[in-house]
Amino acid sequence: SKLSNTFHSHVDEGFKKSLEDLGLDYLDLYLIHFPIAQRYVPIDVRYPPEWIYDPNAANPCMEFDDSVTYFDTWTCLEGLQTRGSVRNIGVCNIGTTMLRQLLAYARIKPAVLQIELHPYNTQQKLLQFARSAGVQVMAFSNLGSASYVELGMATPAESLIDHAVIKTIAQTNDKTPAQVLLRWGVQRGTAVIPKTANLTRLKENIDLFDFSLSAADMAAIDALDAGRRFNDPGVFCQLAFNTF
């Protein structure tokens, strides 16, 4: 589970609510969703709090809590792990510099870094640094733009599933384009987390371990990198939440 932006100042409360919602006594992994501390919204006022502080305001927007540092939030997560409430803690959506800073002061090293990773956004240097620091990288948006087109955050032309390079490699390996994209992530040493409600696709997403991509295949996919990030708060917060 993940810590909402509005609970950076109330980590224990946010964590307890996650446990209650899931019906569990502990979590295997708890992540800081974004490195953004927003103003606290009490659970009895609105839950989930979402991104806008007051939807009924004359000018609805995000509001931030600058009194809370990332150090403060991480220290609270360390407390959860120390008490046995969670077995592993980690972070999401941060880069090399911020991860390096976190490792410098962390009493408990993050077990996982979850970031957007796909062939249009390979983040090779961040992946290399995390690996050298012993932090497991978990990749989301493994298939690229697929889930962002309907949100207006990507165009159909940016589809990796339909990219000629991916389709050719899929045909060569007698696999689907989605399986090629997921296998690429696996061979890079990342944990891939595709989501689907379709049973056929679910089975397809698991069927990744009876083939390997060649070095030439991997290089061809790596070469698609364009630094294209679809899930970018610097873009969508201004468009969707009236906040820069």
# chains A, B, ... in the order shown; residues from 1 in each chain; ligands from 1

$ residues_around --residues "Lys16 of chain A" --least-positions-apart "4" --cutoff "12 Å" --atoms "only C-alpha atoms" --output "list in words"
Ser1, Lys2, Leu3, Phe7, His10, Val11, Asp12, Glu20, Asp21, Leu22, Gly23, Leu24, Asp25, Tyr26, Leu27, Tyr30, Ile43, Leu80, Ser85 and Val86 of chain A

$ write_last_selection --atoms "N, CA and C atoms" --output "PDB file, in the first residue's frame"
ATOM      1  N   SER A   1       0.842  -1.182   0.000  1.00  0.00           N
ATOM      2  CA  SER A   1       0.000   0.000   0.000  1.00  0.00           C
ATOM      3  C   SER A   1       0.888   1.247   0.000  1.00  0.00           C
ATOM      4  N   LYS A   2       0.254   2.401  -0.146  1.00  0.00           N
ATOM      5  CA  LYS A   2       1.014   3.651  -0.254  1.00  0.00           C
ATOM      6  C   LYS A   2       0.454   4.726   0.675  1.00  0.00           C
ATOM      7  N   LEU A   3       1.351   5.612   1.080  1.00  0.00           N
ATOM      8  CA  LEU A   3       0.978   6.753   1.904  1.00  0.00           C
ATOM      9  C   LEU A   3       0.491   7.881   1.006  1.00  0.00           C
ATOM     10  N   PHE A   7      -1.266  12.601   4.029  1.00  0.00           N
ATOM     11  CA  PHE A   7      -0.973  11.998   5.331  1.00  0.00           C
ATOM     12  C   PHE A   7       0.514  12.035   5.678  1.00  0.00           C
ATOM     13  N   HIS A  10       0.595  12.887   9.094  1.00  0.00           N
ATOM     14  CA  HIS A  10      -0.171  11.954   9.941  1.00  0.00           C
ATOM     15  C   HIS A  10       0.043  10.529   9.422  1.00  0.00           C
ATOM     16  N   VAL A  11       1.290  10.097   9.397  1.00  0.00           N
ATOM     17  CA  VAL A  11       1.637   8.806   8.806  1.00  0.00           C
ATOM     18  C   VAL A  11       0.931   7.649   9.506  1.00  0.00           C
ATOM     19  N   ASP A  12       0.962   7.632  10.833  1.00  0.00           N
ATOM     20  CA  ASP A  12       0.350   6.520  11.563  1.00  0.00           C
ATOM     21  C   ASP A  12      -1.142   6.402  11.257  1.00  0.00           C
ATOM     22  N   GLU A  20      -6.959  -1.117   7.973  1.00  0.00           N
ATOM     23  CA  GLU A  20      -8.389  -1.362   8.168  1.00  0.00           C
ATOM     24  C   GLU A  20      -9.075  -1.650   6.838  1.00  0.00           C
ATOM     25  N   ASP A  21      -8.748  -0.878   5.816  1.00  0.00           N
ATOM     26  CA  ASP A  21      -9.374  -1.062   4.512  1.00  0.00           C
ATOM     27  C   ASP A  21      -9.044  -2.434   3.927  1.00  0.00           C
ATOM     28  N   LEU A  22      -7.830  -2.909   4.177  1.00  0.00           N
ATOM     29  CA  LEU A  22      -7.376  -4.179   3.625  1.00  0.00           C
ATOM     30  C   LEU A  22      -7.706  -5.367   4.524  1.00  0.00           C
ATOM     31  N   GLY A  23      -8.095  -5.077   5.757  1.00  0.00           N
ATOM     32  CA  GLY A  23      -8.408  -6.139   6.703  1.00  0.00           C
ATOM     33  C   GLY A  23      -7.186  -6.933   7.121  1.00  0.00           C
ATOM     34  N   LEU A  24      -6.063  -6.238   7.310  1.00  0.00           N
ATOM     35  CA  LEU A  24      -4.804  -6.902   7.638  1.00  0.00           C
ATOM     36  C   LEU A  24      -4.244  -6.412   8.974  1.00  0.00           C
ATOM     37  N   ASP A  25      -3.303  -7.181   9.506  1.00  0.00           N
ATOM     38  CA  ASP A  25      -2.619  -6.801  10.739  1.00  0.00           C
ATOM     39  C   ASP A  25      -1.270  -6.147  10.465  1.00  0.00           C
ATOM     40  N   TYR A  26      -0.734  -6.373   9.286  1.00  0.00           N
ATOM     41  CA  TYR A  26       0.553  -5.778   8.899  1.00  0.00           C
ATOM     42  C   TYR A  26       0.617  -5.725   7.379  1.00  0.00           C
ATOM     43  N   LEU A  27       1.594  -4.988   6.857  1.00  0.00           N
ATOM     44  CA  LEU A  27       1.818  -4.933   5.421  1.00  0.00           C
ATOM     45  C   LEU A  27       3.209  -5.465   5.094  1.00  0.00           C
ATOM     46  N   TYR A  30       5.184  -0.858   2.338  1.00  0.00           N
ATOM     47  CA  TYR A  30       4.482   0.426   2.435  1.00  0.00           C
ATOM     48  C   TYR A  30       5.366   1.488   1.798  1.00  0.00           C
ATOM     49  N   ILE A  43      -9.897  12.115   7.989  1.00  0.00           N
ATOM     50  CA  ILE A  43     -10.646  11.022   7.384  1.00  0.00           C
ATOM     51  C   ILE A  43     -12.151  11.266   7.474  1.00  0.00           C
ATOM     52  N   LEU A  80       7.290   2.635  11.739  1.00  0.00           N
ATOM     53  CA  LEU A  80       6.340   1.555  11.442  1.00  0.00           C
ATOM     54  C   LEU A  80       7.063   0.226  11.278  1.00  0.00           C
ATOM     55  N   SER A  85       4.955  -3.212  12.200  1.00  0.00           N
ATOM     56  CA  SER A  85       3.687  -2.998  11.503  1.00  0.00           C
ATOM     57  C   SER A  85       3.813  -3.239  10.008  1.00  0.00           C
ATOM     58  N   VAL A  86       5.024  -3.067   9.494  1.00  0.00           N
ATOM     59  CA  VAL A  86       5.292  -3.297   8.081  1.00  0.00           C
ATOM     60  C   VAL A  86       6.662  -3.949   7.963  1.00  0.00           C
TER      61      VAL A  86
END

$ select_by_dssp --residues "segment 17-226 of chain A" --states "strand (DSSP E)" --output "list of chain:residue names"
A:Leu27, A:Asp28, A:Leu29, A:Tyr30, A:Leu31, A:Ile32, A:Val86, A:Arg87, A:Asn88, A:Ile89, A:Gly90, A:Val91, A:Cys92, A:Val112, A:Leu113, A:Gln114, A:Ile115, A:Glu116, A:Gln136, A:Val137, A:Met138, A:Ala139, A:Phe140, A:Ala191, A:Val192

$ atom_distance --atom1 "atom CA of His163 of chain A" --atom2 "atom CA of Leu213 of chain A"
16.7 Å

$ residues_around --residues "Phe230 of chain A" --least-positions-apart "2" --cutoff "7 Å" --atoms "only C-alpha atoms" --output "list of chain:residue names"
A:Ser145, A:Met153, A:Ala154, A:Arg228, A:Asp232

$ residues_around --residues "Lys109 of chain A" --least-positions-apart "4" --cutoff "12 Å" --atoms "only C-alpha atoms" --output "list in words"
Trp74, Thr75, Leu77, Glu78, Gln81, Asn88, Ile89, Gly90, Val91, Leu99, Arg100, Gln101, Leu102, Leu103, Ala104, Tyr105, Leu113, Ala130, Ala133, Gly134, Val135 and Gln136 of chain A

$ residues_around --residues "Ala157 of chain A" --least-positions-apart "3" --cutoff "12 Å" --atoms "only C-alpha atoms" --output "list in words"
Gly144, Ser145, Ala146, Tyr148, Val149, Ala154, Leu160, Ile161, Asp162, His163 and Ala164 of chain A

$ closest_residue --among "A:Phe129, A:Phe140, A:Trp184, A:Phe71" --to "Arg107 of chain A" --atoms "only C-alpha atoms"
A:Phe71

$ select_by_dssp --residues "segment 133-208 of chain A" --states "alpha helix (DSSP H)" --output "VMD selection string"
chain A and resid 164 to 173 177 to 187 199 to 206

$ closest_residue --among "A:Val41, A:Ile108, A:Val165, A:Val137" --to "Ala223 of chain A" --atoms "only C-alpha atoms"
A:Val165
